[in-house]
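Notes follow once the structure below has been shown.
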Amino acid sequence: MLRSFSIPLVYAAIAGAWSTFVIPHTENADDTPALMAAVSDYTSNASIIFAPNTTYNVWSPITFPHLTNVEVVISGNLSYPTSIETVQGYVAAANYPGAWISFTGGNNVSLRSTIDPDWGWIDGHGQQWWDTMQQTNRPQGVLFENITNGIITKMKIYKV
């Protein structure tokens with residue numbers, strides 16, 4: 001009789017060990033601070049989700065800490081600042097991590113988007129950089145550094 005209870009308890013313990021964080025969005029405000037304030041609670045055995053049908057304002061760079069067994073899911077869209085000068089200010093800073101979205105270390109980390117043609121985009125507003133012929137302190141998109149067993153899949157970059 002004891003055996004029949006031990007297997008479900010093991011599964012319950014495993015299932016309870018995984019956590020999910022849906023990043024909050026605020027209209028007309030930078031969504032990065034809310035993510036950065038909470039991400040330390042989701043550095044292992046977690047899903048970090050940009051919700052569907054939402055355009056997030058990623059108006060300052062995102063630097064993820066060391067992650068273990070974490071998936072970051074972009075089901076909504078991410079939009080960088082439209083101001084070239086604002087972006088250049090961040091990129092020129094001494095603490096800029098090398099990309100607008102940086103993964104700085106970890107194991108079993110995945111970054112994935114969706115196959116939905118309208119969602120899962122990163123909009124860096126790149127066309128304006130080409131139109132103004134501006135290449136100084138231009139942001140790089142995503143950095144996957146010191147990641148073991150990392151996967152990036154279904155990502156879409158929008159430049160117009």
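Lettering and numbering for the structure tokens are positional, with chains as A, B, ... in the shown order, residues counted from 1 in each chain, and ligands counted from 1 in the shown order.
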
Please identify which residues in chain A DSSP calls strand (DSSP E or B) from the backbone, and express them as a ChimeraX atom specification.
-> /A:19-22,44-50,55-57,62-64,67-74,77-79,101-103,106-112,121-123,142-144,147-148,151-153,156-158

Pick out the residues sitting within 12 Å of A:Ser83, and hand them over as a PyMOL selection string; count only C-alpha atoms, and ignore anything fewer than 5 positions along from it in its own chain.
-> chain A and resi 59-60+88-90+124-126+128-129+138

Find the spatial neighbours of stretch 50-56 of chain A, counting only C-alpha atoms, within a cut-off of 9 Å - ignore same-chain residues fewer than 5 positions away - and output them as a PyMOL selection string.
-> chain A and resi 21-27+30-32+72-80+118-120

Next, the residues of the selection above should be written as a CSV table (one decimal), in the first residue's frame with C-alpha atoms.
chain,number,residue,atom,x,y,z
A,21,PHE,CA,6.2,33.8,-14.3
A,22,VAL,CA,4.1,35.8,-16.8
A,23,ILE,CA,5.7,39.2,-17.2
A,24,PRO,CA,3.4,42.1,-16.4
A,25,HIS,CA,2.8,44.8,-19.0
A,26,THR,CA,2.0,48.4,-18.4
A,27,GLU,CA,0.8,50.6,-21.3
A,30,ASP,CA,9.1,50.3,-19.8
A,31,ASP,CA,8.3,46.7,-19.0
A,32,THR,CA,11.9,45.7,-18.3
A,72,VAL,CA,11.9,32.1,-21.9
A,73,VAL,CA,8.8,32.2,-24.1
A,74,ILE,CA,8.1,35.1,-26.3
A,75,SER,CA,4.4,34.7,-27.2
A,76,GLY,CA,3.7,38.5,-27.4
A,77,ASN,CA,5.8,41.0,-29.2
A,78,LEU,CA,8.8,42.9,-27.8
A,79,SER,CA,9.5,46.5,-28.9
A,80,TYR,CA,12.7,48.4,-28.4
A,118,ASP,CA,1.4,38.1,-35.9
A,119,TRP,CA,3.1,37.4,-32.5
A,120,GLY,CA,6.5,36.5,-31.1

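Those residues that approach A:Thr63 to within 9 Å, counting only C-alpha atoms, are Met36, Pro61, Pro65, Pro97, Ala99, Trp100, Ile101, Ser102, Phe103 and Thr104 of chain A; same-chain residues fewer than 2 positions away are not listed.
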
Selection file, N, CA and C atoms, as a CSV table (one decimal), in the first residue's frame:
chain,number,residue,atom,x,y,z
A,36,MET,N,13.0,42.5,-14.4
A,36,MET,CA,14.2,42.4,-13.7
A,36,MET,C,14.0,42.3,-12.2
A,61,PRO,N,17.6,47.6,-21.7
A,61,PRO,CA,18.2,46.2,-21.9
A,61,PRO,C,17.7,45.3,-20.8
A,65,PRO,N,20.1,36.7,-15.3
A,65,PRO,CA,21.2,36.2,-14.5
A,65,PRO,C,21.4,34.7,-15.0
A,97,PRO,N,25.6,45.0,-21.6
A,97,PRO,CA,26.0,43.7,-21.7
A,97,PRO,C,26.4,43.1,-23.0
A,99,ALA,N,24.2,43.1,-25.8
A,99,ALA,CA,23.0,43.0,-26.6
A,99,ALA,C,21.8,43.5,-25.8
A,100,TRP,N,20.8,43.8,-26.5
A,100,TRP,CA,19.6,44.3,-25.8
A,100,TRP,C,18.9,43.3,-24.9
A,101,ILE,N,19.0,42.0,-25.3
A,101,ILE,CA,18.5,40.9,-24.5
A,101,ILE,C,19.7,40.0,-24.3
A,102,SER,N,20.2,39.8,-23.1
A,102,SER,CA,21.4,39.1,-22.8
A,102,SER,C,21.1,37.9,-21.9
A,103,PHE,N,21.6,36.8,-22.2
A,103,PHE,CA,21.6,35.6,-21.4
A,103,PHE,C,23.1,35.4,-21.0
A,104,THR,N,23.5,35.6,-19.7
A,104,THR,CA,24.9,35.6,-19.4
A,104,THR,C,25.5,34.4,-18.8

Excluding same-chain residues fewer than 6 positions from A:Ser47, what lies within 6 Å of it counting only C-alpha atoms, as a VMD selection string?
-> chain A and resid 20 70 to 72

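Closest approach to A:Phe64 among A:Trp130, A:Phe144, A:Tyr158, A:Trp121: A:Phe144, based on only C-alpha atoms.
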